[in-house]
Amino acid sequence: MRMPLLALLAKEPAHGYELKTQLEQIFGEAYPSPNIGQIYVTLQRLERDGLVRSQDVVQATRPNKRVYELTAAGREALASWVDRPSEGPRIRDDFFMKLVLSQSAGSTDRMGLLNRQRRHYLGQMRGLSSLAASATKPIERLLIEGAMLHLQADLDWLQRCQEELL
Amino acid sequence: MTAAQPDGTAGGAGTGADGAGRDGGAVGDGGVGRDGGVGRDGGVVGAGGRSLLQARGLAKTFRGDGHGVPAVRGIDLQLSHGEFVAVTGPSGSGKSTLLHMLGGLEPPTSGEIWLDGRRVDGLSQAQWAVLRRRHIGFVFQFFNLVTNMTVADNVELAALMGGQNRRQARQRRVELLTELGLAGKADAAPSRLSGGEQQRVALARALANRPSLLLADEPTGNLDSAASRIVLRLIDHAHAEGQAILLVTHDARIAAAADRVISLFDGMIADDAVLAEPARTPDMVPSVLRLSG
C-alpha cells in the first residue's frame, strides 16, 4: 500500500493514524480496513527509500506524534505510478493448474472440480451482492461492481473450460 | 418422492450439499440417485416445502436430418412453492428447451411434468394456455409483446386474462411499471421502446397476475447493468412475496440471488447447488478487493 499512502501525503502531511482513517473514509467497506501496524511499517520503508520524511511533533497532553510528508523523490514516484497503465488482475492460474493436472494428481472428477469452483464463485458473488446492498459511497459501489464483473468473467471462463475439456 | 427432506444445513460458502447434486445429474436416469440421497432439495424450501413443480426423466429430442438430436436427456428436478432456482450452462446445454417444456411451449419426447400435484405433460395447447394465464408467468428471450397495443395494455391484458377486474388490472399495471422505471412509457407502443425497456415490459406482463410460478429465459439478456439491477430487484420482490421462480441466466448476479443454482451440461444436470446465506467475513470478499502494491 505504498502508493495509496504517498497519494494521501501528497495532499498534506499526516501521521499514521490519520492515514488509516482517511483510507477508511475514502473506500468504506469495499477494502478491508488497513491494519495500523502495516501502515507504520510501510511509512518506515518509504522513509528509508527517501520517498517521505518525518518529524516528531510535540503535543502538550499526549505523547509526541510523528508526522510524515512527501519528498521530491516521493512526488516523482507518485506521478510515475499515476501515469503508468496498471496490470489487470491475472487469470486464476491456480485453479487452471488444478484442472489441467487433476488427472495426473489422481483425481478423475473434472466435473466435480468445476462444480466446486463454480459454487465457490457463486458464494463470493452472493457475498458481494450483500456488500453492494449496504454500500453507501459511489466509490464503494464501483469497486464492488468491478469485482462482480471479474467474477462473471471467471464463471464464463469455467463454462468454456467445461465445453473444451469435458 | 415428492417429499423434500429439509436438512437445514445449507453448508458454508456456497458448497452446500456438495457432491449430491452432481451425482444425481450424472445418473440422470429417473432420480434414483437424487431423491434417495442426502436431501439436497431440502436445503432451502418455500412455504412448507411443498412441491410446486416436478419433472421426472424429462427428455426432448429434436428431429434433425434423418436422426434425432437430443437437447434434454433425462432431467429430474423439483421446485418448492416460493423457491427461486437459477439454471445456468453453456449455450446448447438444453436450458431454453427445458424451460419451454416446463411452460408447456414444447412437448417433451418423454418424461413427466407435475404442477401442484397434477400431471400436465399431456395437456393440449389450449389447456396449457389456461394454465399459463392463471398460474405461470413466462418471460421469453425475445419479449413477444403485442405490437399494436400500448405498453400499459400489454400488461393490463395479462392481468385481465388472469381474472382480475379492470380496476385491479390497472392498479397492478401502474405498480409494476413504476417499479420498473417505465411509468412514463405506459402509453407508448412497444416498438418505440429500447430492447431493454421491452424486456422489462415483458417481465411486468409475466408478473401481472402474481403467478405462483415465474419462468424466465435470460430476463436480463438485453439489459445494461443499471436496468439489470432494476429487474433483479423486481425478481427479488416477487420471490419475497412467495412466488416460485425458475429462470435461465448467464448473469451471475441474478444466479447468486437464487436459493439454488442448477448447472446444465449436455442436456443433463451437472450440478444442483444450494447457495448458503451470504457470509460477510473478510475472506468472502474476493482478492480483487484487497489493497495491493
# chains A, B, ... in the order shown; residues from 1 in each chain; ligands from 1

$ residues_around --residues "Tyr40 in chain A" --least-positions-apart "6" --cutoff "12 Å" --atoms "only C-alpha atoms" --output "PyMOL selection string"
chain A and resi 1-2+5+14-20+34+46-47+54+66-68

$ write_last_selection --atoms "N, CA and C atoms" --output "tab-separated table (two decimals), in the first residue's frame"
chain	number	residue	atom	x	y	z
A	1	MET	N	0.82	-1.20	0.00
A	1	MET	CA	0.00	0.00	0.00
A	1	MET	C	0.86	1.27	0.00
A	2	ARG	N	2.03	1.16	-0.57
A	2	ARG	CA	2.94	2.31	-0.62
A	2	ARG	C	2.31	3.50	-1.36
A	5	LEU	N	-0.59	5.51	0.24
A	5	LEU	CA	-0.11	6.38	1.33
A	5	LEU	C	0.57	7.62	0.75
A	14	ALA	N	0.69	14.08	7.25
A	14	ALA	CA	-0.22	13.42	8.18
A	14	ALA	C	0.54	12.40	9.02
A	15	HIS	N	-0.06	11.99	10.13
A	15	HIS	CA	0.55	10.89	10.89
A	15	HIS	C	-0.19	9.59	10.57
A	16	GLY	N	0.39	8.48	11.05
A	16	GLY	CA	-0.09	7.16	10.65
A	16	GLY	C	-1.57	6.94	10.87
A	17	TYR	N	-2.06	7.34	12.03
A	17	TYR	CA	-3.45	7.05	12.34
A	17	TYR	C	-4.40	7.85	11.45
A	18	GLU	N	-3.99	9.09	11.13
A	18	GLU	CA	-4.81	9.90	10.21
A	18	GLU	C	-4.92	9.23	8.84
A	19	LEU	N	-3.81	8.63	8.41
A	19	LEU	CA	-3.82	7.97	7.09
A	19	LEU	C	-4.79	6.79	7.09
A	20	LYS	N	-4.76	6.03	8.18
A	20	LYS	CA	-5.68	4.89	8.30
A	20	LYS	C	-7.14	5.38	8.21
A	34	PRO	N	-7.23	-1.18	6.68
A	34	PRO	CA	-5.81	-1.49	6.83
A	34	PRO	C	-5.41	-1.48	8.30
A	46	LEU	N	9.08	3.64	3.34
A	46	LEU	CA	9.05	4.78	2.41
A	46	LEU	C	10.11	5.81	2.83
A	47	GLU	N	10.29	5.97	4.12
A	47	GLU	CA	11.28	6.92	4.62
A	47	GLU	C	12.70	6.43	4.30
A	54	SER	N	10.05	12.49	7.98
A	54	SER	CA	9.14	12.66	9.11
A	54	SER	C	9.77	13.51	10.19
A	66	ARG	N	4.44	11.41	15.15
A	66	ARG	CA	5.38	11.51	14.05
A	66	ARG	C	4.59	11.86	12.79
A	67	VAL	N	4.89	13.02	12.22
A	67	VAL	CA	4.15	13.48	11.05
A	67	VAL	C	5.01	13.27	9.80
A	68	TYR	N	4.39	12.68	8.79
A	68	TYR	CA	5.12	12.36	7.56
A	68	TYR	C	4.76	13.35	6.45

$ closest_atom_pairs --of "chain A" --to "chain B" --cutoff "9 Å" --atoms "only C-alpha atoms" --output "tab-separated table"
residue	atom	partner	partner_atom	distance
A:Met1	CA	B:Gly293	CA	5.2
A:Arg2	CA	B:Gly293	CA	6.5
A:Met3	CA	B:Gly293	CA	7.1
A:Pro4	CA	B:Gly293	CA	8.7
A:Ala30	CA	B:Leu289	CA	6.6
A:Tyr31	CA	B:Leu289	CA	5.9
A:Pro32	CA	B:Arg290	CA	6.7
A:Pro34	CA	B:Leu291	CA	8.4
A:Pro89	CA	B:Val288	CA	7.3
A:Met111	CA	B:Ala270	CA	7.5
A:Gly112	CA	B:Arg22	CA	7.2
A:Asn115	CA	B:Asp271	CA	6.4
A:Arg116	CA	B:Thr15	CA	6.9
A:Arg118	CA	B:Gly14	CA	8.7
A:Arg119	CA	B:Gly14	CA	5.1
A:His120	CA	B:Gly14	CA	5.5
A:Tyr121	CA	B:Gly14	CA	8.0
A:Leu122	CA	B:Ala256	CA	5.5
A:Gly123	CA	B:Gly14	CA	4.4
A:Gln124	CA	B:Met284	CA	5.8
A:Met125	CA	B:Ala256	CA	6.0
A:Arg126	CA	B:Ala256	CA	5.2
A:Gly127	CA	B:Pro278	CA	4.8
A:Leu128	CA	B:Val285	CA	6.8
A:Ser129	CA	B:Arg253	CA	7.3
A:Ser130	CA	B:Pro278	CA	6.7
A:Leu131	CA	B:Arg280	CA	7.6
A:Leu143	CA	B:Leu289	CA	7.2
A:Ile144	CA	B:Leu289	CA	7.6
A:Gly146	CA	B:Val288	CA	8.5
A:Ala147	CA	B:Val288	CA	6.0
A:Met148	CA	B:Arg253	CA	7.6
A:His150	CA	B:Val288	CA	8.2
A:Leu151	CA	B:Ala252	CA	7.9
A:Gln152	CA	B:Ala252	CA	5.8
A:Leu155	CA	B:Ala252	CA	7.6
A:Asp156	CA	B:His250	CA	8.0
A:Gln159	CA	B:Pro90	CA	6.1
A:Arg160	CA	B:Pro90	CA	7.7
A:Gln162	CA	B:Phe265	CA	8.4
A:Glu163	CA	B:Pro90	CA	7.4

$ select_by_dssp --residues "range 59-181 of chain B" --states "alpha helix (DSSP H)" --output "ChimeraX atom specification"
/B:95-102,125-135,151-161,166-179

$ write_last_selection --atoms "C-alpha atoms" --output "PDB file, in the first residue's frame"
ATOM      1  CA  LYS B  95     -31.612 -24.609 -20.785  1.00  0.00           C
ATOM      2  CA  SER B  96     -34.215 -22.994 -23.016  1.00  0.00           C
ATOM      3  CA  THR B  97     -35.641 -26.314 -24.149  1.00  0.00           C
ATOM      4  CA  LEU B  98     -36.086 -27.339 -20.520  1.00  0.00           C
ATOM      5  CA  LEU B  99     -37.837 -24.070 -19.715  1.00  0.00           C
ATOM      6  CA  HIS B 100     -40.098 -24.328 -22.754  1.00  0.00           C
ATOM      7  CA  MET B 101     -41.149 -27.848 -21.780  1.00  0.00           C
ATOM      8  CA  LEU B 102     -41.888 -26.757 -18.212  1.00  0.00           C
ATOM      9  CA  GLN B 125     -52.147 -26.426 -26.154  1.00  0.00           C
ATOM     10  CA  ALA B 126     -55.466 -24.871 -25.110  1.00  0.00           C
ATOM     11  CA  GLN B 127     -55.248 -26.384 -21.635  1.00  0.00           C
ATOM     12  CA  TRP B 128     -51.670 -25.152 -21.284  1.00  0.00           C
ATOM     13  CA  ALA B 129     -52.784 -21.686 -22.330  1.00  0.00           C
ATOM     14  CA  VAL B 130     -55.318 -21.636 -19.483  1.00  0.00           C
ATOM     15  CA  LEU B 131     -52.667 -22.852 -17.057  1.00  0.00           C
ATOM     16  CA  ARG B 132     -50.245 -20.128 -18.119  1.00  0.00           C
ATOM     17  CA  ARG B 133     -52.915 -17.452 -17.913  1.00  0.00           C
ATOM     18  CA  ARG B 134     -53.712 -18.345 -14.308  1.00  0.00           C
ATOM     19  CA  HIS B 135     -50.620 -19.837 -12.759  1.00  0.00           C
ATOM     20  CA  VAL B 151     -47.252  -0.878 -23.057  1.00  0.00           C
ATOM     21  CA  ALA B 152     -49.989  -0.363 -20.449  1.00  0.00           C
ATOM     22  CA  ASP B 153     -52.458  -2.551 -22.348  1.00  0.00           C
ATOM     23  CA  ASN B 154     -49.893  -5.317 -22.772  1.00  0.00           C
ATOM     24  CA  VAL B 155     -49.545  -5.538 -19.012  1.00  0.00           C
ATOM     25  CA  GLU B 156     -53.222  -4.995 -18.175  1.00  0.00           C
ATOM     26  CA  LEU B 157     -54.377  -7.607 -20.664  1.00  0.00           C
ATOM     27  CA  ALA B 158     -52.344 -10.247 -18.872  1.00  0.00           C
ATOM     28  CA  ALA B 159     -53.908  -9.232 -15.561  1.00  0.00           C
ATOM     29  CA  LEU B 160     -57.438  -9.277 -17.047  1.00  0.00           C
ATOM     30  CA  MET B 161     -56.888 -12.673 -18.601  1.00  0.00           C
ATOM     31  CA  ARG B 166     -60.373  -3.640 -14.669  1.00  0.00           C
ATOM     32  CA  ARG B 167     -59.571  -1.586 -11.620  1.00  0.00           C
ATOM     33  CA  GLN B 168     -57.262  -4.241 -10.163  1.00  0.00           C
ATOM     34  CA  ALA B 169     -55.546  -4.752 -13.509  1.00  0.00           C
ATOM     35  CA  ARG B 170     -54.931  -1.056 -13.875  1.00  0.00           C
ATOM     36  CA  GLN B 171     -53.598  -0.745 -10.353  1.00  0.00           C
ATOM     37  CA  ARG B 172     -51.274  -3.700 -10.824  1.00  0.00           C
ATOM     38  CA  ARG B 173     -50.016  -2.260 -14.117  1.00  0.00           C
ATOM     39  CA  VAL B 174     -49.228   1.113 -12.538  1.00  0.00           C
ATOM     40  CA  GLU B 175     -47.451  -0.599  -9.671  1.00  0.00           C
ATOM     41  CA  LEU B 176     -45.284  -2.786 -11.901  1.00  0.00           C
ATOM     42  CA  LEU B 177     -44.383  -0.139 -14.474  1.00  0.00           C
ATOM     43  CA  THR B 178     -43.456   2.265 -11.689  1.00  0.00           C
ATOM     44  CA  GLU B 179     -41.249  -0.289 -10.031  1.00  0.00           C
TER      45      GLU B 179
END

$ residues_around --residues "Asp49 in chain A" --least-positions-apart "4" --cutoff "9 Å" --atoms "only C-alpha atoms" --output "list of chain:residue names"
A:Gln44, A:Arg45, A:Gly74

$ write_last_selection --atoms "N, CA, C and O atoms" --output "mmCIF file, in the first residue's frame"
data_model
loop_
_atom_site.group_PDB
_atom_site.id
_atom_site.type_symbol
_atom_site.label_atom_id
_atom_site.label_comp_id
_atom_site.auth_asym_id
_atom_site.auth_seq_id
_atom_site.Cartn_x
_atom_site.Cartn_y
_atom_site.Cartn_z
ATOM 1 N N GLN A 44 7.783 3.576 7.406
ATOM 2 C CA GLN A 44 9.226 3.455 7.697
ATOM 3 C C GLN A 44 10.007 3.084 6.447
ATOM 4 O O GLN A 44 11.077 3.621 6.176
ATOM 5 N N ARG A 45 9.440 2.163 5.682
ATOM 6 C CA ARG A 45 10.123 1.745 4.447
ATOM 7 C C ARG A 45 10.182 2.892 3.446
ATOM 8 O O ARG A 45 11.181 3.085 2.761
ATOM 9 N N GLY A 74 9.550 11.343 -3.646
ATOM 10 C CA GLY A 74 8.250 10.712 -3.406
ATOM 11 C C GLY A 74 7.213 11.221 -4.385
ATOM 12 O O GLY A 74 6.410 10.459 -4.943
#

$ select_by_dssp --residues "chain A" --states "strand (DSSP E or B)" --output "MDAnalysis selection string"
chainID A and resid 14:15 52:57 65:70

$ write_last_selection --atoms "all heavy atoms" --output "short mmCIF file (atom, residue, chain, number, x, y, z; two decimals), in the first residue's frame"
data_model
loop_
_atom_site.label_atom_id
_atom_site.label_comp_id
_atom_site.auth_asym_id
_atom_site.auth_seq_id
_atom_site.Cartn_x
_atom_site.Cartn_y
_atom_site.Cartn_z
N ALA A 14 0.69 14.08 7.25
CA ALA A 14 -0.22 13.42 8.18
C ALA A 14 0.54 12.40 9.02
O ALA A 14 1.64 11.99 8.64
CB ALA A 14 -1.33 12.71 7.41
N HIS A 15 -0.06 11.99 10.13
CA HIS A 15 0.55 10.89 10.89
C HIS A 15 -0.19 9.59 10.57
O HIS A 15 -1.24 9.60 9.91
CB HIS A 15 0.64 11.20 12.38
CG HIS A 15 -0.66 11.49 13.05
ND1 HIS A 15 -1.48 10.52 13.54
CD2 HIS A 15 -1.30 12.68 13.28
CE1 HIS A 15 -2.56 11.07 14.07
NE2 HIS A 15 -2.47 12.39 13.91
N VAL A 52 9.50 9.67 1.66
CA VAL A 52 8.87 10.57 2.64
C VAL A 52 9.91 10.93 3.69
O VAL A 52 10.94 10.27 3.82
CB VAL A 52 7.64 9.93 3.35
CG1 VAL A 52 6.59 9.49 2.36
CG2 VAL A 52 8.07 8.74 4.21
N ARG A 53 9.65 12.01 4.43
CA ARG A 53 10.47 12.30 5.61
C ARG A 53 9.51 12.60 6.76
O ARG A 53 8.33 12.91 6.53
CB ARG A 53 11.43 13.46 5.35
CG ARG A 53 10.74 14.77 5.04
CD ARG A 53 11.72 15.92 4.93
NE ARG A 53 11.13 16.99 4.12
CZ ARG A 53 11.42 17.19 2.83
NH1 ARG A 53 12.33 16.47 2.21
NH2 ARG A 53 10.80 18.16 2.16
N SER A 54 10.05 12.49 7.98
CA SER A 54 9.14 12.66 9.11
C SER A 54 9.77 13.51 10.19
O SER A 54 10.98 13.67 10.24
CB SER A 54 8.78 11.30 9.70
OG SER A 54 9.92 10.73 10.31
N GLN A 55 8.93 14.08 11.04
CA GLN A 55 9.44 14.77 12.22
C GLN A 55 8.46 14.61 13.37
O GLN A 55 7.25 14.48 13.16
CB GLN A 55 9.70 16.24 11.93
CG GLN A 55 8.45 17.03 11.60
CD GLN A 55 8.82 18.46 11.24
OE1 GLN A 55 9.13 18.79 10.08
NE2 GLN A 55 8.79 19.32 12.25
N ASP A 56 9.02 14.58 14.56
CA ASP A 56 8.17 14.46 15.74
C ASP A 56 7.55 15.80 16.07
O ASP A 56 8.22 16.82 16.04
CB ASP A 56 9.01 14.01 16.94
CG ASP A 56 9.14 12.50 16.98
OD1 ASP A 56 8.25 11.81 16.42
OD2 ASP A 56 10.13 12.00 17.54
N VAL A 57 6.26 15.76 16.31
CA VAL A 57 5.58 16.98 16.72
C VAL A 57 5.23 16.83 18.20
O VAL A 57 4.62 15.84 18.61
CB VAL A 57 4.30 17.21 15.88
CG1 VAL A 57 3.51 18.39 16.43
CG2 VAL A 57 4.68 17.42 14.43
N LYS A 65 3.74 12.94 18.31
CA LYS A 65 3.32 12.16 17.14
C LYS A 65 4.28 12.43 15.99
O LYS A 65 4.86 13.53 15.87
CB LYS A 65 1.89 12.46 16.75
CG LYS A 65 1.63 13.87 16.32
CD LYS A 65 0.16 14.04 15.95
CE LYS A 65 -0.09 15.47 15.49
NZ LYS A 65 -1.51 15.72 15.22
N ARG A 66 4.44 11.41 15.15
CA ARG A 66 5.38 11.51 14.05
C ARG A 66 4.59 11.86 12.79
O ARG A 66 3.72 11.10 12.36
CB ARG A 66 6.11 10.18 13.89
CG ARG A 66 7.21 10.18 12.84
CD ARG A 66 8.17 9.02 13.01
NE ARG A 66 9.13 9.27 14.09
CZ ARG A 66 10.36 9.76 13.89
NH1 ARG A 66 10.78 10.00 12.66
NH2 ARG A 66 11.16 9.98 14.91
N VAL A 67 4.89 13.02 12.22
CA VAL A 67 4.15 13.48 11.05
C VAL A 67 5.01 13.27 9.80
O VAL A 67 6.19 13.61 9.78
CB VAL A 67 3.75 14.96 11.19
CG1 VAL A 67 3.13 15.47 9.89
CG2 VAL A 67 2.77 15.12 12.34
N TYR A 68 4.39 12.68 8.79
CA TYR A 68 5.12 12.36 7.56
C TYR A 68 4.76 13.35 6.45
O TYR A 68 3.62 13.79 6.36
CB TYR A 68 4.78 10.95 7.09
CG TYR A 68 5.35 9.89 8.00
CD1 TYR A 68 4.69 9.53 9.17
CD2 TYR A 68 6.56 9.26 7.70
CE1 TYR A 68 5.20 8.57 10.01
CE2 TYR A 68 7.09 8.29 8.54
CZ TYR A 68 6.42 7.95 9.70
OH TYR A 68 6.93 7.01 10.53
N GLU A 69 5.74 13.65 5.60
CA GLU A 69 5.43 14.44 4.40
C GLU A 69 6.21 13.89 3.22
O GLU A 69 7.21 13.19 3.37
CB GLU A 69 5.73 15.92 4.63
CG GLU A 69 7.18 16.23 4.87
CD GLU A 69 7.44 17.72 5.01
OE1 GLU A 69 6.77 18.49 4.30
OE2 GLU A 69 8.31 18.11 5.80
N LEU A 70 5.72 14.21 2.05
CA LEU A 70 6.32 13.71 0.82
C LEU A 70 7.63 14.44 0.52
O LEU A 70 7.72 15.64 0.72
CB LEU A 70 5.32 13.98 -0.32
CG LEU A 70 5.13 12.93 -1.40
CD1 LEU A 70 4.80 11.60 -0.78
CD2 LEU A 70 4.01 13.37 -2.34
#

$ residues_around --residues "Val85 in chain B" --least-positions-apart "6" --cutoff "7 Å" --atoms "only C-alpha atoms" --output "ChimeraX atom specification"
/B:245-247,258-261

$ residues_around --residues "Leu214 in chain B" --least-positions-apart "3" --cutoff "7 Å" --atoms "only C-alpha atoms" --output "PyMOL selection string"
chain B and resi 136-138+211+244-246

$ atom_distance --atom1 "CA of Leu58 in chain B" --atom2 "CA of Ile113 in chain B"
7.6 Å

$ closest_residue --among "B:Arg205, B:Arg119, B:His81, B:Arg192" --to "Val139 in chain B" --atoms "only C-alpha atoms"
B:Arg205

$ residues_around --residues "range 140-147 of chain B" --least-positions-apart "3" --cutoff "9 Å" --atoms "only C-alpha atoms" --output "number ranges by chain"
B: 96, 150-151, 153-154, 189-191, 195, 198-203, 205, 215-222

$ write_last_selection --atoms "C-alpha atoms" --output "compact mmCIF listing (two decimals), in the first residue's frame"
# COMPACT_ATOMS: atom_id res chain seq x y z
CA SER B 96 -34.21 -22.99 -23.02
CA THR B 150 -49.68 0.13 -25.76
CA VAL B 151 -47.25 -0.88 -23.06
CA ASP B 153 -52.46 -2.55 -22.35
CA ASN B 154 -49.89 -5.32 -22.77
CA ALA B 189 -46.18 1.38 -28.44
CA PRO B 190 -43.68 -1.37 -27.62
CA SER B 191 -41.81 -0.63 -30.85
CA GLY B 195 -34.78 -3.59 -26.29
CA GLN B 198 -39.30 -4.03 -23.89
CA GLN B 199 -37.68 -6.77 -21.84
CA ARG B 200 -38.84 -5.05 -18.65
CA VAL B 201 -42.38 -4.71 -20.02
CA ALA B 202 -42.33 -8.43 -20.76
CA LEU B 203 -41.39 -9.06 -17.15
CA ARG B 205 -46.63 -8.68 -18.11
CA LEU B 215 -40.45 -18.95 -15.78
CA ALA B 216 -37.95 -16.61 -17.39
CA ASP B 217 -35.44 -17.10 -20.17
CA GLU B 218 -32.49 -14.69 -19.82
CA PRO B 219 -34.58 -11.87 -18.31
CA THR B 220 -31.54 -9.58 -18.25
CA GLY B 221 -30.09 -10.77 -21.54
CA ASN B 222 -30.56 -7.43 -23.31
